[in-house]
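> What follows is a structure written as structure tokens; I'll ask about it next.
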Amino acid sequence: MSKAFFVLDDGRIFEGSSWAATGKTFGEAVFQTGMTGYQETLTDPSYHKQVVVMTAPHIGNTGVNTFDNESKKYWVAGFVVRNPSTLTSNWRSEKDLEAELIDQAIVGIQGVDTRAITRHLRDRGAMRVGIFSGLELTREEMVIEVRKQPAMSGAYLSADVSTESTYVVPAVWEKKFTVAAIDLGIKGASPRAMAERGIEVHVMPYNTTIDEMLAINPDGVFLSNGPGDPATMTETIELVRAILAQEIPIFGICFGHQILGRALGFETYKLQFGHRGINQPVIDRKTGKVEITAHNHGFALQAPTDAGFSTVYGPGQVTHVSLNDGVVEGLELTERGAFSVQYHPEAAAGPHDAAYLFDRFVDLMVQYPRKVEAL
Amino acid sequence: MARDESINSVLVIGSGPIVIGQACEFDYSGTQACRVLRAEGIRVILVNSNPATIMTDPEFADATYIEPITPEFIERIIARERPDAVLATLGGQTALNAAIGLFKAGTLERYNVKLIGADVDAIERGENRELFRGIVEKIGGESARSIICHTMDDVMGAVTQLGYPAVIRPSFTMGGLGSGIAFDEESLRQIAGAGLRHSPTSEVLIEESIIGWKEYELEVMRDKSDNVVIVCSIENIDPMGVHTGDSITVAPALTLTDVEYQKLRDLSIDIIREVGVDTGGCNIQFAVNPDTGRIIVIEMNPRVSRSSALASKATGFPIAKIATKLAIGYTLDEIKNDITQVTPASFEPTLDYIVVKAPRFAFEKFQDADPRLTTTMKSVGEAMAIGRS
């Protein structure tokens with residue numbers, strides 16, 4: 001086991017040992033507070049170009065299996081743990097985590113003080129980082145390399161993570177609806193949750209045109225989660241406006257929520273250190289009920305929480321806010337079937353408290369049936 | 001929503017003597033309850049038969065009664081003090097049983113006293129084996145499979161279905177007379193034969209054994225707006241068959257994937273809703289087959305338990321304190337998180353460390369005690385450690 005370094009762009013360096021693949025990797029340093037679900041995190045496209053620091057101290061206990069992947073590959077740019085498990089103890093485990101990380105060429109580091117890193121990121125904000133494992137570089141050389149990397153603000157990443165061509169996830173049991181899901185980095189759990197509700201999901205590339213979308217005659221449109229800065233998504237925002245003009249119900253989550261918000265004319269901004277974990281309390285302002293939800297976002301939407309708002313597509317309101325810091329977590333258009341949440345109702349990893357939102361999407365498709373059939 | 005203004009005085013029932021299986025954790029939770037109530041300006045009346053507790057120190061209650069914790073004595077206290085409500089979910093099983101006794105004797109109704117924390121129906125549903133089994137089935141969970149038998153042929157047929165080892169429980173015998181675990185046909189014939197003879201109705205229950213399965217506990221809290229949070233998951237290193245109080249336990253659970261953990265979480269939430277604990281905490285225990293992942297719901301405690309004390313210390317989420325606030329009408333989002341002081345208590349603690357609890361035994365002091373660990377608790381204390389490497 002050789003030395004490895006976790007090098008932040010402000011010059012702070014944490015020394016640990018090499019783990020998983022060796023070499024070097026760069027990305028935005030973020031921390032994830034889930035105590036379960038590392039495999040889902042590793043395979044979540046929203047973590048593209050991010051070096052994920054796990055706050056849970058013991059990672060790898062349950063190995064990896066074929067069923068818990070949220071996409072076809074491991075997306076994190078790097079993986080940082082306090083103590084990797086030396087053995088796996090779970091009936092579903094098929095492979096050791098470190099072996100899988102090596103196969104997926106994910107550079108990792110272990111033995112660093114993840115609590116100190118987390119506190120540093122909380123105080124200073126998310127920043128660029130590099131992991132250097134098994135390399136002979138001076139501290140100065142490493143910091144210079146990190147500072148040459150692009151920042152997350154302004155990053156356009158959809159093309160990296162989106163599907164190249166449309167694929168269909170068939171409805172479980174009887175098909176009742178057709179939904180076009182724009183893949184901006186979709187997790188497998190989202191089409192799964194829709195398919196279970198009788199929805200045939202057409203997962204379409206990020207650069208799908210409105211005509212291509214209307215060609216499948218969708219009952220609703222789903223805007224997926226994904227990585228990157230929502231301010232860069234000009235084309236997708238235009239697409240969403242075209243869908244709104246067609247009065248097709250829309251359900252957006254995470255990145256999709258930010259894009260719906262921008263399509264309605266709101267701004268997005270970068271959070272100091274983001275929300276990444278599976279224990280985040282969010283209040284539904286209409287019912288007063290609290291949901292414990294899975295979050296993974298570094299950007300957020302700027303929208304009025306004290307009163308409703310009006311848009312060119314009709315009136316709307318902020319429906320959900322974070323109980324931790326008041327960040328906008330959900331919005332809706334009250335006279336049109338469009339709503340979105342900043343968090344992850346599809347969970348994986350995370351609690352299932354918000355799964356009812358997929359039912360709400362179904363209700364909207366019933367309430368606002370498609371009008372294009374006559375064409 | 002906020003505090004129930006109709007409550008101006010509360011009778012808190014303590015847990016009585018410290019014995020093996022019920023130790024000072026209930027003194028701790030009861031003391032917390034007294035503190036919270038007094039801070040709310042509520043008159044606190046306390047009954048506990050054990051003067052050697054912190055909670056019976058004069059500063060914790062407005063009136064303290066050192067009397068036996070029985071419905072008869074408590075009725076006399078109620079008659080004299082006329083409290084608005086009784087809080088019994090923080091004094092262990094002793095307090096809960098006393099409260100049920102008071103309800104059944106009609107005392108609560110006679111003096112117009114509310115039972116807060118959990119109502120009698122919820123306590124019954126949580127503690128009655130058959131009712132609880134029905135609830136587990138209703139929410140789509142599984143209890144250990146069992147078959148009622150009246151003859152040795154029935155018994156052999158049952159074991160063909162359930163497999164070895166098999167648990168034999170004769171019906172209507174005192175103190176588990178004639179019950180046991182059979183690992184093969186010979187021991188089965190012996191134990192079940194004796195069981196059939198001992199049972200006045202010639203009836204034995206053959207139950208599948210879950211000895212050796214992984215054992216988990218979840219600490220759950222619910223408020224009157226139906227917000228539910230899981231405070232902590234606990235994994236026992238010693239598997240099913242060793243009492244949790246005697247096990248080395250670890251928090252959080254470490255050998256579950258998120259898919260499996262969320263199943264336990266969903267089941268726990270469905271159970272607390274169905275049982276109807278609507279203002280407080282409970283503890284739900286699961287067994288998980290280490291080879292197949294099959295989940296069996298073992299039982300629930302509709303009250304603050306030994307594990308709640310551990311979970312509170314492990315997470316910094318003060319279960320007893322918050323359970324008391326919920327009992328007098330607050331909701332989780334109205335209560336501040338003790339650690340951050342700014343965020344609400346309606347969250348699920350996430351740990352960046354691991355907590356290990358180890359039991360302390362004193363068999364040298366109990367010469368005649370059988371030092372083998374079983375489903376009966378034998379430890380006299382415990383030590384807890386927190387660390388992250």
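Chain identifiers are assigned as A, B, and so on, following the order in which chains appear in the structure tokens; residues are numbered from 1 within each chain, and ligands are numbered from 1 in order of appearance.
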Can you tell me which residues surround range 131-138 of chain B at a distance of at most 8 Å, considering only C-alpha atoms, apart from same-chain residues fewer than 3 positions away, and format the answer as a short mmCIF file (atom, residue, chain, number, x, y, z; two decimals) with all heavy atoms, in the first residue's frame?


data_model
loop_
_atom_site.label_atom_id
_atom_site.label_comp_id
_atom_site.auth_asym_id
_atom_site.auth_seq_id
_atom_site.Cartn_x
_atom_site.Cartn_y
_atom_site.Cartn_z
N GLU B 124 -51.93 -2.51 23.67
CA GLU B 124 -52.44 -3.89 23.48
C GLU B 124 -52.00 -4.45 22.13
O GLU B 124 -51.53 -5.58 22.03
CB GLU B 124 -53.97 -3.89 23.54
CG GLU B 124 -54.55 -3.67 24.93
CD GLU B 124 -54.68 -4.96 25.71
OE1 GLU B 124 -54.89 -6.00 25.07
OE2 GLU B 124 -54.57 -4.91 26.95
N ARG B 125 -52.16 -3.62 21.09
CA ARG B 125 -51.80 -4.10 19.75
C ARG B 125 -50.31 -4.39 19.64
O ARG B 125 -49.90 -5.30 18.95
CB ARG B 125 -52.19 -3.07 18.68
CG ARG B 125 -53.68 -3.08 18.35
CD ARG B 125 -53.95 -2.23 17.10
NE ARG B 125 -53.79 -0.82 17.34
CZ ARG B 125 -54.77 -0.01 17.75
NH1 ARG B 125 -55.97 -0.48 17.95
NH2 ARG B 125 -54.54 1.26 17.97
N GLY B 126 -49.51 -3.60 20.37
CA GLY B 126 -48.06 -3.81 20.31
C GLY B 126 -47.62 -5.01 21.11
O GLY B 126 -46.67 -5.70 20.77
N GLU B 127 -48.30 -5.27 22.23
CA GLU B 127 -47.79 -6.28 23.16
C GLU B 127 -48.49 -7.63 23.08
O GLU B 127 -47.92 -8.63 23.51
CB GLU B 127 -47.89 -5.73 24.58
CG GLU B 127 -47.09 -4.44 24.72
CD GLU B 127 -46.45 -4.31 26.07
OE1 GLU B 127 -47.14 -4.60 27.05
OE2 GLU B 127 -45.26 -3.93 26.12
N ASN B 128 -49.72 -7.64 22.57
CA ASN B 128 -50.42 -8.91 22.45
C ASN B 128 -49.90 -9.65 21.22
O ASN B 128 -50.01 -9.16 20.10
CB ASN B 128 -51.93 -8.65 22.35
CG ASN B 128 -52.71 -9.94 22.17
OD1 ASN B 128 -52.46 -10.73 21.26
ND2 ASN B 128 -53.68 -10.14 23.04
N GLY B 141 -45.76 -7.79 6.22
CA GLY B 141 -44.54 -8.34 6.80
C GLY B 141 -44.73 -9.80 7.16
O GLY B 141 -45.80 -10.37 6.93
N GLU B 142 -43.67 -10.39 7.71
CA GLU B 142 -43.74 -11.80 8.06
C GLU B 142 -43.40 -12.00 9.51
O GLU B 142 -42.46 -11.40 10.03
CB GLU B 142 -42.67 -12.55 7.24
CG GLU B 142 -43.22 -13.50 6.21
CD GLU B 142 -42.12 -14.39 5.67
OE1 GLU B 142 -41.29 -13.90 4.87
OE2 GLU B 142 -42.07 -15.56 6.07
N SER B 143 -44.13 -12.87 10.18
CA SER B 143 -43.75 -13.31 11.52
C SER B 143 -43.19 -14.73 11.37
O SER B 143 -43.33 -15.33 10.30
CB SER B 143 -44.96 -13.34 12.44
OG SER B 143 -45.51 -12.04 12.54
N ILE B 271 -45.60 -0.37 10.72
CA ILE B 271 -45.98 -0.98 12.01
C ILE B 271 -46.36 0.10 13.02
O ILE B 271 -47.41 0.00 13.67
CB ILE B 271 -44.83 -1.87 12.56
CG1 ILE B 271 -44.71 -3.15 11.71
CG2 ILE B 271 -45.09 -2.25 14.02
CD1 ILE B 271 -43.48 -3.98 12.01
N GLU B 274 -49.76 1.38 12.11
CA GLU B 274 -50.84 0.41 12.27
C GLU B 274 -51.09 0.12 13.74
O GLU B 274 -52.24 -0.01 14.17
CB GLU B 274 -50.47 -0.88 11.52
CG GLU B 274 -51.62 -1.79 11.20
CD GLU B 274 -52.69 -1.14 10.34
OE1 GLU B 274 -52.35 -0.37 9.42
OE2 GLU B 274 -53.88 -1.40 10.61
N VAL B 275 -50.04 0.04 14.53
CA VAL B 275 -50.22 -0.18 15.96
C VAL B 275 -50.86 1.06 16.58
O VAL B 275 -51.66 0.96 17.51
CB VAL B 275 -48.87 -0.51 16.64
CG1 VAL B 275 -48.97 -0.44 18.16
CG2 VAL B 275 -48.40 -1.89 16.22
N VAL B 297 -40.42 -10.08 11.45
CA VAL B 297 -40.64 -9.09 12.50
C VAL B 297 -40.78 -9.85 13.80
O VAL B 297 -41.63 -10.73 13.91
CB VAL B 297 -41.92 -8.27 12.22
CG1 VAL B 297 -42.09 -7.20 13.27
CG2 VAL B 297 -41.87 -7.66 10.84
N GLU B 299 -40.78 -8.41 17.35
CA GLU B 299 -41.72 -7.77 18.28
C GLU B 299 -41.51 -6.27 18.29
O GLU B 299 -40.57 -5.76 17.68
CB GLU B 299 -41.55 -8.31 19.70
CG GLU B 299 -40.18 -8.01 20.29
CD GLU B 299 -40.10 -8.35 21.78
OE1 GLU B 299 -40.95 -9.10 22.28
OE2 GLU B 299 -39.18 -7.84 22.42
#

> Hey, list the chain A side of the contact with chain B: 9 Å cut-off, only C-alpha atoms, answer as a VMD selection string.

chain A and resid 33 to 40 54 to 59 61 to 63 68 82 to 83 88 to 92 111 114 to 115 277 to 283 288 to 292 323 to 325 348 to 353

> Take the residues that were just selected and, keeping N, CA and C atoms, output them as a CSV table (one decimal), in the first residue's frame.


chain,number,residue,atom,x,y,z
A,33,THR,N,-23.5,11.9,3.2
A,33,THR,CA,-23.7,11.5,4.6
A,33,THR,C,-24.5,10.2,4.8
A,34,GLY,N,-24.8,9.5,3.7
A,34,GLY,CA,-25.6,8.3,3.8
A,34,GLY,C,-24.8,7.2,4.6
A,35,MET,N,-25.5,6.5,5.5
A,35,MET,CA,-24.9,5.4,6.2
A,35,MET,C,-25.0,4.1,5.4
A,36,THR,N,-25.9,4.1,4.5
A,36,THR,CA,-26.1,2.9,3.6
A,36,THR,C,-26.1,3.5,2.1
A,37,GLY,N,-25.9,2.6,1.2
A,37,GLY,CA,-26.2,2.9,-0.2
A,37,GLY,C,-24.9,3.4,-1.0
A,38,TYR,N,-23.7,3.0,-0.6
A,38,TYR,CA,-22.6,3.5,-1.3
A,38,TYR,C,-22.6,3.0,-2.8
A,39,GLN,N,-23.1,1.8,-3.0
A,39,GLN,CA,-23.1,1.3,-4.4
A,39,GLN,C,-24.0,2.2,-5.3
A,40,GLU,N,-25.2,2.6,-4.7
A,40,GLU,CA,-26.1,3.5,-5.5
A,40,GLU,C,-25.4,4.8,-5.8
A,54,MET,N,-17.1,9.9,1.7
A,54,MET,CA,-18.1,9.3,2.5
A,54,MET,C,-17.9,9.7,4.0
A,55,THR,N,-19.0,10.2,4.7
A,55,THR,CA,-18.8,10.5,6.1
A,55,THR,C,-18.9,9.3,7.0
A,56,ALA,N,-19.7,8.3,6.5
A,56,ALA,CA,-19.7,7.1,7.3
A,56,ALA,C,-18.3,6.4,7.3
A,57,PRO,N,-17.9,6.0,8.4
A,57,PRO,CA,-16.5,5.7,8.5
A,57,PRO,C,-16.1,4.3,8.0
A,58,HIS,N,-17.0,3.4,7.8
A,58,HIS,CA,-16.7,2.0,7.4
A,58,HIS,C,-17.5,1.7,6.1
A,59,ILE,N,-16.7,1.6,5.0
A,59,ILE,CA,-17.4,1.4,3.7
A,59,ILE,C,-17.0,0.1,3.1
A,61,ASN,N,-18.8,-2.8,3.6
A,61,ASN,CA,-19.2,-4.0,4.4
A,61,ASN,C,-20.1,-4.9,3.7
A,62,THR,N,-20.9,-4.4,2.7
A,62,THR,CA,-21.8,-5.3,2.1
A,62,THR,C,-21.4,-5.6,0.6
A,63,GLY,N,-20.1,-5.3,0.3
A,63,GLY,CA,-19.6,-5.7,-1.0
A,63,GLY,C,-20.4,-5.0,-2.1
A,68,ASP,N,-28.0,-3.6,-7.4
A,68,ASP,CA,-28.2,-2.2,-6.8
A,68,ASP,C,-27.5,-1.1,-7.6
A,82,ARG,N,-12.8,6.6,5.1
A,82,ARG,CA,-12.0,6.5,6.3
A,82,ARG,C,-11.4,5.1,6.4
A,83,ASN,N,-12.2,4.1,6.6
A,83,ASN,CA,-11.8,2.7,6.7
A,83,ASN,C,-12.5,1.8,5.7
A,88,THR,N,-16.5,-8.8,3.5
A,88,THR,CA,-17.8,-8.4,3.2
A,88,THR,C,-18.8,-9.4,4.0
A,89,SER,N,-19.9,-8.8,4.4
A,89,SER,CA,-20.8,-9.6,5.2
A,89,SER,C,-22.2,-9.3,4.7
A,90,ASN,N,-22.7,-9.9,3.7
A,90,ASN,CA,-24.0,-9.7,3.2
A,90,ASN,C,-24.4,-10.8,2.2
A,91,TRP,N,-25.6,-11.3,2.3
A,91,TRP,CA,-26.0,-12.5,1.5
A,91,TRP,C,-26.1,-12.2,0.0
A,92,ARG,N,-26.2,-10.9,-0.3
A,92,ARG,CA,-26.3,-10.5,-1.7
A,92,ARG,C,-25.0,-10.1,-2.4
A,111,GLY,N,-8.0,6.0,4.7
A,111,GLY,CA,-7.1,6.4,5.9
A,111,GLY,C,-7.0,7.9,6.1
A,114,THR,N,-11.9,11.8,7.3
A,114,THR,CA,-13.0,12.3,6.5
A,114,THR,C,-13.8,13.3,7.2
A,115,ARG,N,-13.8,13.3,8.6
A,115,ARG,CA,-14.5,14.3,9.3
A,115,ARG,C,-13.8,15.7,9.2
A,277,GLY,N,-27.2,13.4,0.9
A,277,GLY,CA,-27.4,12.5,2.0
A,277,GLY,C,-28.8,11.9,1.9
A,278,ILE,N,-29.1,11.0,2.8
A,278,ILE,CA,-30.4,10.4,2.7
A,278,ILE,C,-31.3,10.6,4.0
A,279,ASN,N,-31.0,11.7,4.7
A,279,ASN,CA,-31.8,11.9,5.9
A,279,ASN,C,-32.3,13.4,6.0
A,280,GLN,N,-32.6,14.0,4.8
A,280,GLN,CA,-32.9,15.4,4.8
A,280,GLN,C,-34.4,15.7,5.0
A,281,PRO,N,-34.7,16.4,6.0
A,281,PRO,CA,-36.1,16.7,6.2
A,281,PRO,C,-36.7,17.8,5.3
A,282,VAL,N,-37.8,17.6,4.7
A,282,VAL,CA,-38.4,18.5,3.8
A,282,VAL,C,-39.9,18.6,4.2
A,283,ILE,N,-40.4,19.9,4.3
A,283,ILE,CA,-41.8,20.0,4.7
A,283,ILE,C,-42.7,20.3,3.4
A,288,GLY,N,-48.3,20.3,5.7
A,288,GLY,CA,-47.5,20.4,6.9
A,288,GLY,C,-46.8,19.1,7.3
A,289,LYS,N,-46.8,18.1,6.4
A,289,LYS,CA,-46.1,16.9,6.7
A,289,LYS,C,-44.7,17.0,6.3
A,290,VAL,N,-43.9,16.2,7.1
A,290,VAL,CA,-42.4,16.2,6.9
A,290,VAL,C,-42.1,14.9,6.2
A,291,GLU,N,-41.2,15.0,5.2
A,291,GLU,CA,-40.7,13.8,4.5
A,291,GLU,C,-39.2,13.7,4.8
A,292,ILE,N,-38.7,12.5,5.1
A,292,ILE,CA,-37.3,12.3,5.1
A,292,ILE,C,-36.9,11.9,3.7
A,323,LEU,N,-36.2,21.8,5.8
A,323,LEU,CA,-36.3,22.3,7.2
A,323,LEU,C,-35.0,22.6,7.7
A,324,ASN,N,-33.9,22.2,7.1
A,324,ASN,CA,-32.6,22.5,7.6
A,324,ASN,C,-32.1,23.9,7.3
A,325,ASP,N,-32.3,24.3,6.0
A,325,ASP,CA,-31.8,25.7,5.7
A,325,ASP,C,-32.8,26.5,4.8
A,348,ALA,N,-33.2,5.2,-3.6
A,348,ALA,CA,-32.1,4.4,-4.2
A,348,ALA,C,-30.8,5.3,-4.4
A,349,ALA,N,-30.1,5.5,-3.3
A,349,ALA,CA,-30.3,5.1,-2.0
A,349,ALA,C,-31.2,6.1,-1.3
A,350,GLY,N,-31.9,5.6,-0.3
A,350,GLY,CA,-32.7,6.6,0.6
A,350,GLY,C,-34.1,6.1,0.9
A,351,PRO,N,-34.7,6.9,1.8
A,351,PRO,CA,-36.0,6.5,2.3
A,351,PRO,C,-37.1,6.6,1.2
A,352,HIS,N,-38.2,5.9,1.4
A,352,HIS,CA,-39.3,5.9,0.4
A,352,HIS,C,-40.4,6.9,0.7
A,353,ASP,N,-40.2,7.8,1.6
A,353,ASP,CA,-41.3,8.7,2.1
A,353,ASP,C,-41.9,9.5,0.9

> So which bits of range 131-264 of chain B end up strand (DSSP E or B) when you DSSP the backbone, as a CSV table (one decimal) with N, CA, C and O atoms, in the first residue's frame?


chain,number,residue,atom,x,y,z
B,146,SER,N,-45.7,-20.8,12.2
B,146,SER,CA,-46.0,-21.7,13.2
B,146,SER,C,-47.2,-22.5,12.9
B,146,SER,O,-48.0,-22.1,12.1
B,147,ILE,N,-47.3,-23.7,13.5
B,147,ILE,CA,-48.4,-24.6,13.2
B,147,ILE,C,-48.9,-25.2,14.5
B,147,ILE,O,-48.1,-25.6,15.3
B,148,ILE,N,-50.2,-25.2,14.8
B,148,ILE,CA,-50.7,-25.7,16.0
B,148,ILE,C,-51.0,-27.2,15.8
B,148,ILE,O,-51.5,-27.7,14.8
B,149,CYS,N,-50.5,-28.1,16.7
B,149,CYS,CA,-50.6,-29.5,16.6
B,149,CYS,C,-51.2,-30.1,17.8
B,149,CYS,O,-51.1,-29.7,18.9
B,166,ALA,N,-36.6,-26.7,15.5
B,166,ALA,CA,-38.0,-26.3,15.6
B,166,ALA,C,-38.3,-25.9,17.1
B,166,ALA,O,-37.7,-26.6,18.0
B,167,VAL,N,-39.0,-24.9,17.3
B,167,VAL,CA,-39.4,-24.4,18.7
B,167,VAL,C,-40.7,-25.0,19.0
B,167,VAL,O,-41.7,-25.0,18.2
B,168,ILE,N,-40.8,-25.6,20.2
B,168,ILE,CA,-42.0,-26.3,20.7
B,168,ILE,C,-42.6,-25.5,21.9
B,168,ILE,O,-41.9,-25.3,22.8
B,169,ARG,N,-43.8,-25.0,21.7
B,169,ARG,CA,-44.4,-24.2,22.8
B,169,ARG,C,-45.8,-24.9,23.1
B,169,ARG,O,-46.7,-24.7,22.4
B,170,PRO,N,-45.9,-25.6,24.3
B,170,PRO,CA,-47.2,-26.2,24.6
B,170,PRO,C,-48.1,-25.0,25.0
B,170,PRO,O,-47.7,-24.0,25.6
B,180,GLY,N,-39.3,-26.0,24.4
B,180,GLY,CA,-37.9,-26.3,24.1
B,180,GLY,C,-37.6,-26.2,22.6
B,180,GLY,O,-38.5,-25.9,21.8
B,181,ILE,N,-36.4,-26.5,22.3
B,181,ILE,CA,-36.0,-26.4,20.9
B,181,ILE,C,-35.5,-27.8,20.5
B,181,ILE,O,-34.6,-28.4,21.2
B,182,ALA,N,-36.0,-28.3,19.4
B,182,ALA,CA,-35.6,-29.6,18.9
B,182,ALA,C,-34.7,-29.5,17.7
B,182,ALA,O,-35.0,-28.8,16.8
B,204,VAL,N,-49.8,-28.3,21.2
B,204,VAL,CA,-48.5,-27.6,21.1
B,204,VAL,C,-48.3,-26.8,19.8
B,204,VAL,O,-48.9,-27.1,18.8
B,205,LEU,N,-47.6,-25.7,20.0
B,205,LEU,CA,-47.3,-24.8,18.8
B,205,LEU,C,-45.9,-25.1,18.3
B,205,LEU,O,-45.0,-25.1,19.1
B,206,ILE,N,-45.8,-25.5,17.1
B,206,ILE,CA,-44.5,-25.8,16.5
B,206,ILE,C,-44.1,-24.6,15.7
B,206,ILE,O,-44.9,-24.2,14.8
B,207,GLU,N,-43.0,-24.0,16.0
B,207,GLU,CA,-42.6,-22.7,15.4
B,207,GLU,C,-41.2,-22.8,14.7
B,207,GLU,O,-40.4,-23.5,15.3
B,208,GLU,N,-41.1,-22.2,13.6
B,208,GLU,CA,-39.7,-22.3,12.9
B,208,GLU,C,-38.7,-21.5,13.8
B,208,GLU,O,-39.1,-20.5,14.4
B,214,LYS,N,-29.5,-12.9,11.8
B,214,LYS,CA,-29.0,-11.6,12.2
B,214,LYS,C,-30.2,-10.8,12.9
B,214,LYS,O,-31.3,-11.0,12.5
B,215,GLU,N,-29.8,-10.1,13.9
B,215,GLU,CA,-30.8,-9.4,14.7
B,215,GLU,C,-30.6,-7.9,14.6
B,215,GLU,O,-29.5,-7.4,14.8
B,216,TYR,N,-31.7,-7.2,14.3
B,216,TYR,CA,-31.7,-5.7,14.1
B,216,TYR,C,-32.8,-5.1,14.9
B,216,TYR,O,-33.8,-5.7,15.1
B,217,GLU,N,-32.5,-3.8,15.3
B,217,GLU,CA,-33.6,-3.1,16.0
B,217,GLU,C,-33.6,-1.7,15.4
B,217,GLU,O,-32.5,-1.1,15.1
B,218,LEU,N,-34.8,-1.1,15.2
B,218,LEU,CA,-34.9,0.2,14.8
B,218,LEU,C,-35.7,1.0,15.8
B,218,LEU,O,-36.7,0.6,16.4
B,219,GLU,N,-35.2,2.2,16.1
B,219,GLU,CA,-35.9,3.1,17.1
B,219,GLU,C,-36.7,4.1,16.3
B,219,GLU,O,-36.1,4.8,15.4
B,220,VAL,N,-38.0,4.1,16.5
B,220,VAL,CA,-38.9,4.9,15.6
B,220,VAL,C,-39.6,5.9,16.5
B,220,VAL,O,-40.0,5.6,17.6
B,221,MET,N,-39.9,7.1,16.0
B,221,MET,CA,-40.7,8.1,16.7
B,221,MET,C,-41.8,8.6,15.7
B,221,MET,O,-41.5,8.8,14.5
B,222,ARG,N,-43.0,8.9,16.3
B,222,ARG,CA,-44.1,9.4,15.5
B,222,ARG,C,-44.8,10.5,16.2
B,222,ARG,O,-44.9,10.4,17.5
B,228,VAL,N,-43.0,10.5,10.8
B,228,VAL,CA,-42.3,9.4,11.4
B,228,VAL,C,-40.8,9.6,11.1
B,228,VAL,O,-40.4,9.9,10.0
B,229,VAL,N,-40.0,9.4,12.1
B,229,VAL,CA,-38.5,9.3,11.8
B,229,VAL,C,-37.9,8.1,12.5
B,229,VAL,O,-38.4,7.6,13.5
B,230,ILE,N,-36.9,7.6,11.8
B,230,ILE,CA,-36.1,6.5,12.4
B,230,ILE,C,-34.9,7.1,13.1
B,230,ILE,O,-34.1,7.8,12.4
B,231,VAL,N,-34.8,7.0,14.4
B,231,VAL,CA,-33.7,7.6,15.1
B,231,VAL,C,-32.4,6.9,14.9
B,231,VAL,O,-31.3,7.5,14.7
B,232,CYS,N,-32.4,5.6,14.9
B,232,CYS,CA,-31.2,4.8,14.9
B,232,CYS,C,-31.5,3.3,14.5
B,232,CYS,O,-32.5,2.8,14.8
B,233,SER,N,-30.5,2.7,13.8
B,233,SER,CA,-30.6,1.3,13.6
B,233,SER,C,-29.5,0.7,14.5
B,233,SER,O,-28.5,1.3,14.6
B,234,ILE,N,-29.8,-0.5,15.0
B,234,ILE,CA,-28.8,-1.2,15.9
B,234,ILE,C,-28.7,-2.6,15.4
B,234,ILE,O,-29.7,-3.3,15.1
B,235,GLU,N,-27.5,-3.1,15.3
B,235,GLU,CA,-27.2,-4.4,14.8
B,235,GLU,C,-26.6,-5.2,16.0
B,235,GLU,O,-25.6,-4.7,16.6
B,236,ASN,N,-27.1,-6.4,16.2
B,236,ASN,CA,-26.5,-7.2,17.3
B,236,ASN,C,-25.4,-8.1,16.7
B,236,ASN,O,-25.7,-8.8,15.7
B,249,THR,N,-23.7,-5.0,20.8
B,249,THR,CA,-24.4,-4.4,19.7
B,249,THR,C,-23.7,-3.2,19.1
B,249,THR,O,-22.8,-2.6,19.7
B,250,VAL,N,-24.0,-2.9,17.8
B,250,VAL,CA,-23.3,-1.9,17.0
B,250,VAL,C,-24.4,-1.0,16.4
B,250,VAL,O,-25.4,-1.4,16.0
B,251,ALA,N,-24.1,0.3,16.5
B,251,ALA,CA,-25.0,1.3,15.8
B,251,ALA,C,-24.1,2.2,15.0
B,251,ALA,O,-23.1,2.6,15.4

> Within 8 Å of Thr319 in chain A, counting only C-alpha atoms, which residues qualify if same-chain residues fewer than 2 places away don't, as number ranges by chain?

A: 284-286, 317, 321, 329-332

> I'd like the interatomic distance between CA of Ile328 in chain B and CA of Ser6 in chain B, to a tenth of an Å.

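CA of Ile328 in chain B sits 9.4 Å away from CA of Ser6 in chain B.
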
> Go through A:Ile144, A:Ile237, A:Val168, A:Ala245 one by one, measure the shortest atom-to-atom distance of each to Ile216 in chain A using only C-alpha atoms, and give the residue with the smallest value.

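Using only C-alpha atoms, Ile216 in chain A sits closest to A:Val168.
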